[in-house]
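Q: Hey, dropping protein24.tsv in here, TSV, C-alpha atoms:
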```
chain	number	residue	atom	x	y	z
A	9	MET	CA	-97.93	15.37	-60.17
A	10	SER	CA	-94.38	14.14	-60.07
A	11	LYS	CA	-95.34	10.87	-61.77
A	12	ARG	CA	-95.38	12.75	-65.03
A	13	VAL	CA	-91.67	13.32	-64.59
A	14	LEU	CA	-91.15	9.58	-64.27
A	15	ASP	CA	-93.24	8.96	-67.37
A	16	ARG	CA	-91.23	11.51	-69.25
A	17	LEU	CA	-87.97	9.92	-68.13
A	18	ASN	CA	-89.17	6.48	-69.20
A	19	GLN	CA	-90.24	7.88	-72.53
A	20	VAL	CA	-87.00	9.71	-73.25
A	21	PHE	CA	-84.38	7.39	-71.75
A	22	GLY	CA	-86.07	4.01	-72.02
A	23	ASP	CA	-83.57	1.35	-70.99
A	24	ALA	CA	-81.45	3.75	-68.96
A	25	ILE	CA	-84.26	3.95	-66.39
A	26	LEU	CA	-83.93	0.65	-64.57
A	27	GLU	CA	-87.08	0.96	-62.50
A	28	THR	CA	-89.50	3.52	-61.14
A	29	HIS	CA	-91.79	3.50	-58.21
A	30	SER	CA	-94.11	5.86	-56.37
A	31	GLN	CA	-94.80	5.45	-52.71
A	32	HIS	CA	-96.37	7.81	-50.18
A	33	GLY	CA	-96.06	10.69	-52.63
A	34	ASP	CA	-92.37	10.09	-53.28
A	35	ASP	CA	-91.55	9.30	-56.87
A	36	THR	CA	-88.32	7.50	-57.50
A	37	ALA	CA	-86.42	6.53	-60.61
A	38	VAL	CA	-83.40	4.24	-60.59
A	39	VAL	CA	-81.03	5.37	-63.30
A	40	GLU	CA	-78.21	3.61	-65.10
A	41	ALA	CA	-75.09	5.00	-63.39
A	42	SER	CA	-73.28	5.61	-66.68
A	43	ARG	CA	-76.02	8.10	-67.75
A	44	TRP	CA	-76.35	9.85	-64.38
A	45	ARG	CA	-75.24	13.28	-65.49
A	46	GLU	CA	-77.10	13.09	-68.77
A	47	VAL	CA	-80.38	12.36	-67.01
A	48	ALA	CA	-79.74	15.09	-64.45
A	49	ARG	CA	-79.03	17.65	-67.11
A	50	PHE	CA	-82.14	16.63	-69.00
A	51	LEU	CA	-84.28	17.06	-65.89
A	52	ARG	CA	-82.87	20.51	-65.35
A	53	ASP	CA	-83.19	21.74	-68.92
A	54	ASP	CA	-86.34	20.05	-70.15
A	55	GLU	CA	-89.24	22.51	-70.16
A	56	ARG	CA	-91.72	20.03	-68.80
A	57	CYS	CA	-89.46	18.94	-65.97
A	58	ALA	CA	-87.57	22.17	-65.09
A	59	MET	CA	-85.93	20.71	-61.99
A	60	ASN	CA	-84.08	23.82	-60.89
A	61	HIS	CA	-83.84	23.14	-57.16
A	62	PHE	CA	-81.21	20.76	-55.86
A	63	ILE	CA	-82.24	19.44	-52.43
A	64	ASP	CA	-80.00	16.63	-51.32
A	65	LEU	CA	-77.44	14.12	-52.44
A	66	THR	CA	-76.16	11.25	-50.40
A	67	ALA	CA	-75.30	7.57	-50.63
A	68	VAL	CA	-76.32	4.33	-48.97
A	69	ASP	CA	-74.07	1.38	-48.27
A	70	TYR	CA	-75.89	-1.91	-48.79
A	71	SER	CA	-72.80	-4.02	-48.27
A	72	ASP	CA	-74.57	-6.73	-46.30
A	73	ARG	CA	-77.69	-6.85	-48.41
A	74	ARG	CA	-77.19	-6.66	-52.12
A	75	GLU	CA	-75.06	-6.09	-55.16
A	76	PRO	CA	-73.95	-3.59	-56.32
A	77	ARG	CA	-72.93	-2.28	-52.96
A	78	TYR	CA	-73.65	1.47	-53.06
A	79	GLU	CA	-76.61	3.54	-54.05
A	80	VAL	CA	-76.28	7.27	-54.68
A	81	VAL	CA	-79.51	9.13	-53.90
A	82	LEU	CA	-80.42	12.50	-55.34
A	83	HIS	CA	-83.43	14.62	-54.43
A	84	ILE	CA	-84.43	17.42	-56.75
A	85	ARG	CA	-87.39	19.69	-57.11
A	86	SER	CA	-88.89	22.17	-59.50
A	87	LEU	CA	-89.78	25.54	-58.08
A	88	GLU	CA	-91.89	26.33	-61.16
A	89	LYS	CA	-93.80	23.09	-61.57
A	90	LEU	CA	-93.74	22.22	-57.87
A	91	HIS	CA	-92.84	18.60	-58.37
A	92	ARG	CA	-90.14	16.60	-56.72
A	93	VAL	CA	-88.40	13.37	-57.62
A	94	ARG	CA	-85.76	11.13	-56.20
A	95	LEU	CA	-83.12	9.64	-58.46
A	96	LYS	CA	-80.99	6.68	-57.50
A	97	ALA	CA	-78.00	5.09	-59.15
A	98	ARG	CA	-76.44	1.80	-58.09
A	99	ILE	CA	-72.68	1.59	-58.21
A	100	GLY	CA	-70.26	-1.11	-57.25
A	101	GLU	CA	-66.80	-1.23	-55.74
A	102	PRO	CA	-64.83	1.04	-56.05
A	103	PRO	CA	-67.70	3.54	-56.02
A	104	SER	CA	-67.47	6.05	-58.82
A	105	ILE	CA	-70.06	8.20	-60.58
A	106	ASP	CA	-70.24	11.41	-62.60
A	107	SER	CA	-70.29	14.64	-60.64
A	108	LEU	CA	-73.37	16.86	-60.82
A	109	ALA	CA	-71.55	19.97	-59.59
A	110	GLU	CA	-71.72	21.52	-63.02
A	111	VAL	CA	-75.45	20.79	-63.33
A	112	TRP	CA	-76.45	22.22	-59.95
A	113	ALA	CA	-73.90	24.30	-58.09
A	114	GLY	CA	-75.47	23.14	-54.83
A	115	ALA	CA	-74.31	19.60	-55.47
A	116	ASN	CA	-70.69	20.61	-54.95
A	117	TRP	CA	-70.51	20.41	-51.16
A	118	PHE	CA	-72.96	17.51	-50.96
A	119	GLU	CA	-70.71	15.45	-53.19
A	120	ARG	CA	-67.75	16.38	-51.04
A	121	GLU	CA	-69.63	15.20	-47.98
A	122	CYS	CA	-70.61	12.01	-49.75
A	123	PHE	CA	-66.99	11.44	-50.68
A	124	ASP	CA	-65.98	12.14	-47.10
A	125	MET	CA	-68.44	9.70	-45.58
A	126	PHE	CA	-68.65	6.96	-48.21
A	127	GLY	CA	-65.61	7.41	-50.42
A	128	VAL	CA	-67.66	7.81	-53.58
A	129	ASP	CA	-65.48	9.22	-56.35
A	130	PHE	CA	-67.38	11.92	-58.22
A	131	VAL	CA	-65.71	12.10	-61.60
A	132	GLY	CA	-65.39	15.68	-62.83
A	133	HIS	CA	-65.87	17.33	-59.44
A	134	PRO	CA	-63.86	20.57	-59.28
A	135	ASN	CA	-62.57	20.09	-55.74
A	136	LEU	CA	-63.17	16.61	-54.38
A	137	ARG	CA	-61.66	16.50	-50.89
A	138	ARG	CA	-62.95	15.97	-47.36
A	139	ILE	CA	-65.36	18.64	-46.15
A	140	LEU	CA	-66.28	17.60	-42.59
A	141	LEU	CA	-63.51	15.32	-41.39
A	142	TYR	CA	-59.86	16.19	-41.19
A	143	PRO	CA	-57.41	15.25	-43.96
A	144	GLU	CA	-55.56	12.83	-41.66
A	145	PHE	CA	-58.64	10.67	-41.28
A	146	VAL	CA	-58.22	7.20	-42.78
A	147	GLY	CA	-61.24	5.49	-44.31
A	148	HIS	CA	-64.83	6.54	-44.69
A	149	PRO	CA	-66.88	6.36	-41.51
A	150	LEU	CA	-70.37	5.78	-42.87
A	151	ARG	CA	-69.34	2.69	-44.76
A	152	LYS	CA	-70.70	-0.40	-43.08
A	153	ASP	CA	-67.21	-1.89	-42.67
A	154	TYR	CA	-65.89	1.07	-40.67
A	155	PRO	CA	-65.76	-0.02	-37.00
A	156	ALA	CA	-68.59	1.85	-35.34
A	157	GLN	CA	-66.58	2.93	-32.31
A	158	MET	CA	-63.16	3.56	-33.77
A	159	THR	CA	-61.91	7.11	-33.43
A	160	GLN	CA	-58.80	8.62	-34.97
A	161	PRO	CA	-57.45	11.20	-32.53
A	162	LEU	CA	-55.32	14.04	-33.84
A	163	VAL	CA	-53.59	14.68	-30.53
A	164	GLU	CA	-52.12	12.05	-28.32
A	165	TYR	CA	-54.25	11.30	-25.29
A	166	ARG	CA	-52.87	12.07	-21.87
A	167	PRO	CA	-51.38	8.98	-20.27
A	168	GLU	CA	-53.27	9.67	-17.06
A	169	ALA	CA	-56.58	9.85	-18.90
A	170	ILE	CA	-59.28	7.82	-17.29
A	171	GLY	CA	-59.13	4.26	-18.56
A	172	LYS	CA	-61.73	2.34	-20.44
A	173	LEU	CA	-63.58	-0.65	-19.17
A	174	PRO	CA	-63.54	-3.81	-21.28
A	175	PRO	CA	-64.55	-4.57	-23.99
A	176	PHE	CA	-63.48	-1.06	-25.04
A	177	SER	CA	-59.95	-0.27	-26.00
A	178	GLU	CA	-58.34	3.09	-25.42
A	179	HIS	CA	-59.08	4.66	-28.75
A	180	GLU	CA	-62.76	3.87	-28.55
A	181	GLY	CA	-65.70	5.88	-27.33
A	182	MET	CA	-67.26	5.98	-23.93
A	183	PRO	CA	-66.65	3.61	-21.03
A	184	PHE	CA	-70.26	2.50	-21.05
A	185	GLY	CA	-71.35	0.77	-24.19
A	186	ARG	CA	-74.11	0.61	-26.67
A	187	GLN	CA	-76.30	-2.43	-26.50
A	188	THR	CA	-74.87	-4.05	-29.57
A	189	HIS	CA	-71.29	-3.89	-28.35
A	190	ASP	CA	-70.77	-7.64	-28.54
A	191	ARG	CA	-71.57	-7.72	-32.20
A	192	ALA	CA	-69.60	-4.55	-32.86
A	193	ALA	CA	-66.60	-5.84	-30.92
A	194	ALA	CA	-66.66	-9.11	-32.85
A	195	HIS	CA	-66.76	-7.13	-36.05
A	196	VAL	CA	-63.85	-4.96	-34.99
A	197	ASN	CA	-61.81	-7.97	-33.92
A	198	ALA	CA	-62.45	-9.67	-37.24
A	199	LEU	CA	-61.11	-6.63	-39.05
A	200	GLY	CA	-57.97	-6.49	-36.97
A	201	PHE	CA	-58.51	-2.96	-35.69
A	202	THR	CA	-58.12	-3.93	-32.05
A	203	ASP	CA	-55.75	-2.23	-29.73
A	204	GLU	CA	-52.96	-4.34	-28.27
B	30	MET	CA	-69.25	23.91	14.93
B	31	SER	CA	-66.00	25.39	13.87
B	32	GLN	CA	-63.96	27.12	16.55
B	33	THR	CA	-62.41	29.52	14.08
B	34	GLN	CA	-63.18	33.11	14.90
B	35	ARG	CA	-63.48	35.68	12.19
B	36	TYR	CA	-62.47	39.30	12.58
B	37	VAL	CA	-63.76	41.96	10.27
B	38	PHE	CA	-61.82	45.21	10.20
B	39	GLU	CA	-63.86	48.25	9.40
B	40	GLY	CA	-62.28	51.10	7.47
B	41	SER	CA	-61.40	53.19	10.51
B	42	GLN	CA	-59.97	50.33	12.51
B	43	GLN	CA	-56.43	49.20	12.51
B	44	GLY	CA	-54.94	45.82	13.11
B	45	PHE	CA	-53.29	42.87	11.48
B	46	ALA	CA	-54.02	39.28	10.68
B	47	THR	CA	-51.59	36.46	10.20
B	48	THR	CA	-51.82	33.91	7.43
B	49	ARG	CA	-49.59	31.92	5.18
B	50	LEU	CA	-48.44	33.42	1.90
B	51	GLU	CA	-49.78	30.40	0.04
B	52	ASP	CA	-53.23	30.84	1.52
B	53	LEU	CA	-53.20	34.52	0.69
B	54	LEU	CA	-52.26	33.78	-2.90
B	55	ASN	CA	-54.91	31.10	-3.18
B	56	TRP	CA	-57.46	33.50	-1.74
B	57	ALA	CA	-56.51	36.03	-4.40
B	58	LYS	CA	-56.59	33.42	-7.16
B	59	LYS	CA	-59.98	32.06	-6.35
B	60	TYR	CA	-61.73	35.41	-6.55
B	61	SER	CA	-60.17	36.57	-9.80
B	62	LEU	CA	-60.86	33.75	-12.22
B	63	PHE	CA	-60.64	35.39	-15.61
B	64	GLN	CA	-62.43	33.05	-17.94
B	65	TYR	CA	-61.71	31.83	-21.42
B	66	PRO	CA	-65.01	30.53	-22.81
B	67	PHE	CA	-64.34	27.70	-25.28
B	68	VAL	CA	-67.97	27.50	-26.32
B	69	THR	CA	-68.87	25.04	-29.05
B	70	ALA	CA	-72.41	23.78	-28.69
B	71	CYS	CA	-75.86	24.07	-27.14
B	72	CYS	CA	-74.54	24.33	-23.57
B	73	ALA	CA	-73.70	27.89	-24.59
B	74	MET	CA	-77.33	28.81	-23.86
B	75	GLU	CA	-76.95	27.82	-20.22
B	76	PHE	CA	-73.60	29.54	-20.12
B	77	MET	CA	-75.26	32.76	-21.28
B	78	ALA	CA	-77.92	32.35	-18.60
B	79	LEU	CA	-75.18	31.91	-16.04
B	80	ALA	CA	-73.32	35.00	-17.17
B	81	SER	CA	-76.42	37.18	-17.33
B	82	PRO	CA	-77.88	39.03	-14.32
B	83	ARG	CA	-80.38	36.37	-13.23
B	84	PHE	CA	-77.69	33.94	-12.10
B	85	ASP	CA	-74.86	36.44	-12.24
B	86	MET	CA	-71.49	34.77	-12.32
B	87	ALA	CA	-69.99	38.15	-11.45
B	88	ARG	CA	-70.85	37.53	-7.80
B	89	PHE	CA	-67.96	35.06	-7.61
B	90	GLY	CA	-65.35	37.24	-9.24
B	91	ALA	CA	-65.42	35.09	-12.36
B	92	GLU	CA	-67.21	37.30	-14.80
B	93	ALA	CA	-64.47	38.84	-16.91
B	94	PRO	CA	-64.11	36.97	-20.19
B	95	ARG	CA	-60.71	37.20	-21.81
B	96	PHE	CA	-60.57	36.24	-25.44
B	97	SER	CA	-56.89	35.57	-25.25
B	98	PRO	CA	-55.76	32.46	-23.43
B	99	ARG	CA	-52.70	34.32	-22.17
B	100	GLN	CA	-54.81	36.58	-19.98
B	101	SER	CA	-57.15	33.95	-18.60
B	102	ASP	CA	-57.07	31.60	-15.63
B	103	LEU	CA	-60.11	29.40	-16.12
B	104	LEU	CA	-60.86	27.50	-19.32
B	105	TRP	CA	-64.57	26.86	-19.67
B	106	VAL	CA	-65.10	24.04	-22.14
B	107	VAL	CA	-68.76	24.41	-22.96
B	108	GLY	CA	-70.09	21.82	-25.38
B	109	THR	CA	-69.06	18.95	-27.59
B	110	ILE	CA	-65.45	18.78	-28.68
B	111	SER	CA	-64.88	16.93	-31.93
B	112	GLN	CA	-61.67	15.12	-32.76
B	113	ARG	CA	-60.96	17.87	-35.24
B	114	GLN	CA	-61.19	20.53	-32.53
B	115	ALA	CA	-59.10	18.66	-29.98
B	116	PRO	CA	-55.74	20.07	-31.20
B	117	ILE	CA	-57.16	23.61	-30.95
B	118	LEU	CA	-58.33	22.99	-27.40
B	119	LYS	CA	-54.92	21.60	-26.52
B	120	THR	CA	-53.20	24.65	-28.01
B	121	VAL	CA	-55.45	27.03	-26.12
B	122	TYR	CA	-54.76	25.19	-22.88
B	123	ASP	CA	-51.01	25.20	-23.53
B	124	GLN	CA	-51.07	28.93	-24.19
B	125	MET	CA	-52.66	29.76	-20.87
B	126	ALA	CA	-50.32	30.99	-18.19
B	127	ASP	CA	-50.15	29.30	-14.80
B	128	PRO	CA	-52.10	29.09	-12.57
B	129	LYS	CA	-54.71	27.66	-14.89
B	130	TYR	CA	-57.86	25.67	-14.30
B	131	VAL	CA	-60.26	23.80	-16.56
B	132	LEU	CA	-63.97	23.36	-16.06
B	133	ALA	CA	-65.84	20.78	-18.18
B	134	PHE	CA	-69.29	22.22	-18.66
B	135	GLY	CA	-71.91	19.61	-19.45
B	136	THR	CA	-71.91	15.95	-20.29
B	137	CYS	CA	-70.33	16.25	-23.72
B	138	ALA	CA	-67.26	18.04	-22.45
B	139	SER	CA	-67.06	15.65	-19.49
B	140	CYS	CA	-67.31	12.31	-21.26
B	141	GLY	CA	-68.54	12.78	-24.83
B	142	GLY	CA	-72.23	12.52	-23.94
B	143	PHE	CA	-74.29	10.45	-26.30
B	144	TYR	CA	-71.91	11.08	-29.18
B	145	ASP	CA	-70.35	7.65	-29.15
B	146	ASN	CA	-68.83	7.73	-32.60
B	147	TYR	CA	-65.88	8.39	-34.88
B	148	THR	CA	-66.00	12.14	-34.69
B	149	THR	CA	-66.30	13.12	-31.04
B	150	LEU	CA	-63.67	13.37	-28.37
B	151	ALA	CA	-65.03	11.26	-25.50
B	152	GLY	CA	-64.31	13.75	-22.75
B	153	ILE	CA	-61.82	16.62	-22.78
B	154	ASP	CA	-59.83	14.92	-20.03
B	155	LYS	CA	-58.26	12.85	-22.81
B	156	VAL	CA	-56.45	16.00	-23.92
B	157	VAL	CA	-56.34	18.49	-21.06
B	158	PRO	CA	-56.51	17.90	-17.30
B	159	VAL	CA	-59.88	18.84	-15.85
B	160	ASP	CA	-60.42	20.35	-12.39
B	161	VAL	CA	-64.20	20.29	-12.17
B	162	TYR	CA	-66.77	18.29	-14.13
B	163	VAL	CA	-70.29	19.67	-14.25
B	164	PRO	CA	-72.68	16.96	-15.49
B	165	GLY	CA	-75.98	17.78	-17.15
B	166	CYS	CA	-77.33	18.08	-20.64
B	167	PRO	CA	-77.17	21.01	-20.29
B	168	PRO	CA	-76.44	21.60	-16.59
B	169	ARG	CA	-78.72	23.88	-14.66
B	170	PRO	CA	-77.08	27.23	-13.86
B	171	GLU	CA	-77.29	26.29	-10.17
B	172	SER	CA	-75.12	23.25	-10.72
B	173	VAL	CA	-72.61	25.32	-12.66
B	174	ILE	CA	-72.50	27.74	-9.76
B	175	ASP	CA	-71.93	24.72	-7.51
B	176	GLY	CA	-69.09	23.76	-9.83
B	177	LEU	CA	-67.57	27.22	-9.67
B	178	LEU	CA	-67.77	27.24	-5.87
B	179	LEU	CA	-66.27	23.76	-5.80
B	180	LEU	CA	-63.42	25.01	-7.94
B	181	GLN	CA	-62.88	28.01	-5.64
B	182	ASP	CA	-62.87	25.67	-2.70
B	183	LYS	CA	-60.30	23.45	-4.37
B	184	ILE	CA	-58.13	26.44	-5.26
B	185	GLN	CA	-58.19	27.61	-1.65
B	186	ARG	CA	-57.16	24.14	-0.49
B	187	GLY	CA	-54.54	23.77	-3.20
B	188	ASP	CA	-56.23	20.57	-4.31
B	189	ARG	CA	-55.79	19.64	-7.99
B	190	THR	CA	-57.65	16.35	-8.03
B	191	PRO	CA	-60.69	16.36	-10.31
B	192	GLY	CA	-64.04	17.05	-8.70
B	193	ILE	CA	-67.55	16.31	-9.86
B	194	VAL	CA	-70.60	18.39	-9.01
B	195	LYS	CA	-73.09	16.27	-7.12
B	196	PRO	CA	-76.77	16.47	-7.97
B	197	ARG	CA	-78.79	18.75	-5.78
B	198	THR	CA	-81.62	17.39	-3.72
B	199	ASP	CA	-84.81	19.12	-2.78
B	200	PRO	CA	-85.11	18.92	1.05
B	201	HIS	CA	-88.87	18.67	0.80
B	202	GLN	CA	-88.67	15.74	-1.60
B	203	VAL	CA	-86.17	14.01	0.67
B	204	ALA	CA	-88.45	14.44	3.68
B	205	LYS	CA	-91.35	13.12	1.66
B	206	ALA	CA	-89.43	10.08	0.52
B	207	LEU	CA	-88.31	9.37	4.07
B	208	ALA	CA	-91.87	9.66	5.31
B	209	GLU	CA	-93.06	7.22	2.69
B	210	HIS	CA	-90.39	4.69	3.53
B	211	SER	CA	-90.56	4.87	7.31
B	212	PRO	CA	-93.90	5.70	8.89
B	213	LEU	CA	-92.08	6.57	12.13
B	214	VAL	CA	-90.88	9.86	10.67
B	215	PRO	CA	-93.97	11.94	10.03
B	216	LEU	CA	-93.97	14.39	7.17
B	217	ARG	CA	-93.90	17.86	8.57
B	218	THR	CA	-96.81	19.83	7.26
B	219	SER	CA	-97.78	23.42	7.78
B	220	LYS	CA	-100.34	22.47	10.44
B	221	SER	CA	-98.03	20.60	12.78
```
Translate the structure described by the file into structure tokens.
A:
Amino acid sequence: MSKRVLDRLNQVFGDAILETHSQHGDDTAVVEASRWREVARFLRDDERCAMNHFIDLTAVDYSDRREPRYEVVLHIRSLEKLHRVRLKARIGEPPSIDSLAEVWAGANWFERECFDMFGVDFVGHPNLRRILLYPEFVGHPLRKDYPAQMTQPLVEYRPEAIGKLPPFSEHEGMPFGRQTHDRAAAHVNALGFTDE
Amino acid sequence: MSQTQRYVFEGSQQGFATTRLEDLLNWAKKYSLFQYPFVTACCAMEFMALASPRFDMARFGAEAPRFSPRQSDLLWVVGTISQRQAPILKTVYDQMADPKYVLAFGTCASCGGFYDNYTTLAGIDKVVPVDVYVPGCPPRPESVIDGLLLLQDKIQRGDRTPGIVKPRTDPHQVAKALAEHSPLVPLRTSKS
């Protein structure tokens, strides 16, 4: 059972484990962000944990709900012991946390994606640059304060391109809107991203 | 009924026909559409079906793929185009030699589809002019064939305004719907 991993973490790291919970077979530990890499390396190297399989790493933006704003989420598994845990670390603005690329090689591209989408700075990452979006892209699209419909075209649109119906401006998505467009438009206007 | 008469010359016969040079050129253009497949997403499956013998695009003189834009006439944009790909699409289009035509295959290429977000180009017409839009997610091969025929028709007429493939209707379903709405038109059955 993966709960043993949580017990072991609590036993070894004590205060650095902020909380643990187990729900629907998913066992989660929230880790002090400053000891992120240390805990990860322990989980990999400890004989009773032996977490040798990196599954996923991503982040969540809780900007409208709680402090600190971001949560980095890591899923790892042991192919020997067949247990799986989820680690979380809460980080504030500007988001920054230790890179795990040297612990699991698989984390490399996931951290690049996380940087691309959320702007999380992974300290010690060998090559932290955008992996999916283009270098000219400004901002991080999965942050809650990125306007949901704002695009950043690389080529200028044709002047005779078919126009957009209000409330959409030219650089936005499709002429028909999502249901929440009023809220989204208000949000965009408040941020000053509107098109003149 | 059209009053135009058509003459077919057999091999042993001799004769002549008059036409305009423009029409002759258009006739030649419309039956030799060398294609450049710009295939990016799941619509590719329908494109393969269209190119394979069951639906057989070769019947319309449009089967020869050219993997150089300089040798091709018809740009098939098959699938979602992301903002990152848009400059590549533009370059490919610019490299094609005139006369050149663009066919937007599927909803994503036509208007962005359901990808209403930061990463997708909402319709390739933002970047390159489109001659024929084929809606569908993905379109049925029949509707793509309709689109190809529509394009040939437009080439023959010298018409460069964008065209959209209309949905097909099943004549039987139409008759049935009519019968349900007006009892005066009886549904034709096999007995009557």
Q: Between B:Pro167, B:Tyr60, B:Lys205, B:Asp52, which one has atoms that come closest to B:Met77, using all atoms listed in the file?
A: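 Using all atoms listed in the file, the shortest distance to B:Met77 belongs to B:Pro167.
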Q: Just want the 8 Å neighbourhood of stretch 106-111 of chain B, counted on all atoms listed in the file, with same-chain residues fewer than 5 positions away dropped. Output as an NGL selection string.
A: :B and (66-73 or 76 or 131-138 or 141 or 148-150 or 152-153)
Q: Please tabulate, as CSV, the residues of chain B that come within 12 Å of chain A, each with its closest pair of atoms and the distance in Å to one decimal, counting only C-alpha atoms and ordering rows by chain, then residue number upward.
A:
```
residue,atom,partner,partner_atom,distance
B:Ile110,CA,A:Pro161,CA,11.7
B:Ser111,CA,A:Pro161,CA,9.4
B:Gln112,CA,A:Pro161,CA,5.8
B:Arg113,CA,A:Tyr142,CA,6.3
B:Gln114,CA,A:Leu162,CA,8.8
B:Ala115,CA,A:Val163,CA,6.8
B:Pro116,CA,A:Val163,CA,5.8
B:Ile117,CA,A:Val163,CA,9.6
B:Leu118,CA,A:Val163,CA,10.1
B:Lys119,CA,A:Val163,CA,8.1
B:Thr120,CA,A:Val163,CA,10.3
B:Thr136,CA,A:Met182,CA,11.6
B:Cys137,CA,A:Met182,CA,10.7
B:Ser139,CA,A:Met182,CA,10.6
B:Cys140,CA,A:Met182,CA,6.9
B:Gly141,CA,A:Met182,CA,7.0
B:Gly142,CA,A:Met182,CA,8.2
B:Phe143,CA,A:Met182,CA,8.7
B:Tyr144,CA,A:Gly181,CA,8.3
B:Asp145,CA,A:Gly181,CA,5.3
B:Asn146,CA,A:Gln157,CA,5.3
B:Tyr147,CA,A:Thr159,CA,4.4
B:Thr148,CA,A:Thr159,CA,6.6
B:Thr149,CA,A:Thr159,CA,7.8
B:Leu150,CA,A:Pro161,CA,7.8
B:Ala151,CA,A:Gly181,CA,5.7
B:Gly152,CA,A:Met182,CA,8.4
B:Ile153,CA,A:Ala169,CA,9.4
B:Asp154,CA,A:Ala169,CA,6.1
B:Lys155,CA,A:Tyr165,CA,5.0
B:Val156,CA,A:Tyr165,CA,5.4
B:Val157,CA,A:Arg166,CA,7.3
B:Pro158,CA,A:Ala169,CA,8.2
B:Val159,CA,A:Ala169,CA,10.1
B:Pro191,CA,A:Ile170,CA,11.1
```
Q: Kindly give the distance, in Å, that separates atom CA of B:Arg186 and atom CA of B:Ser97, rounded to a single decimal.
A: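 Atom-to-atom, atom CA of B:Arg186 to atom CA of B:Ser97, that is 27.3 Å.
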Q: Do you have the atom CA of A:Asp15-atom CA of A:Cys122 distance handy?
A: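 Value for the atom CA of A:Asp15-atom CA of A:Cys122 distance: 28.8 Å.
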Q: Could you give me the axis-aligned bounding box of stretch 133-136 of chain A, with 6 Å of padding per side, as centre plus edge lengths in Å to one decimal, as lines of an AutoDock Vina configuration file?
A:
```
center_x = -64.2
center_y = 18.6
center_z = -56.9
size_x = 15.3
size_y = 16.0
size_z = 17.1
```
Q: Can you measure atom CA of B:Leu178 to atom CA of B:Ser101 for me? One decimal in Å is fine.
A: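 Straight-line distance from atom CA of B:Leu178 to atom CA of B:Ser101 works out to 17.9 Å.
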Q: Looking at only C-alpha atoms, which of A:Asn135, A:Ala58, A:Glu101, A:Ser42 is the one that sits closest to A:Tyr70?
A: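 The closest residue to A:Tyr70 is A:Glu101.
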Q: Which neighbours of A:Ser86 fall inside 10 Å, counting all atoms listed in the file, when residues of the same chain fewer than 5 positions from it are skipped, and could you give them as a list in words?
A: Ser10, Leu51, Arg52, Arg56, Cys57, Ala58, Met59, Asn60, His61, Phe62, His91, Arg92 and Val93 of chain A
Q: So which residues touch B:Pro196 within 12 Å, counting only C-alpha atoms, skipping near sequence neighbours fewer than 2 positions away, as a list in words?
A: Tyr162, Val163, Pro164, Gly165, Pro168, Arg169, Glu171, Ser172, Val173, Asp175, Gly176, Ile193, Val194, Thr198 and Asp199 of chain B
Q: Of the candidates A:Lys11, A:Arg74, A:Lys96, A:Lys89, which one gets nearest to A:Glu27 if we count only C-alpha atoms?
A: A:Lys96
Q: Within 9 Å of A:His29, counting all atoms listed in the file, which residues show up once you throw out same-chain ones fewer than 4 positions away? Write them as an MDAnalysis selection string, please.
A: chainID A and resid 11 14 34:38
Q: Compile the contact shell of B:Glu92 as a ChimeraX atom specification: residues with an atom at most 9 Å away, counting only C-alpha atoms, same-chain residues fewer than 3 positions apart removed.
A: /B:61-64,80,85-89
Q: Using only C-alpha atoms, pick whichever of B:Arg197, B:Arg35, B:Lys58, B:Arg95 has the shortest atom-to-atom distance to B:Tyr130.
A: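 Of B:Arg197, B:Arg35, B:Lys58, B:Arg95, the one nearest B:Tyr130, counting only C-alpha atoms, is B:Lys58.
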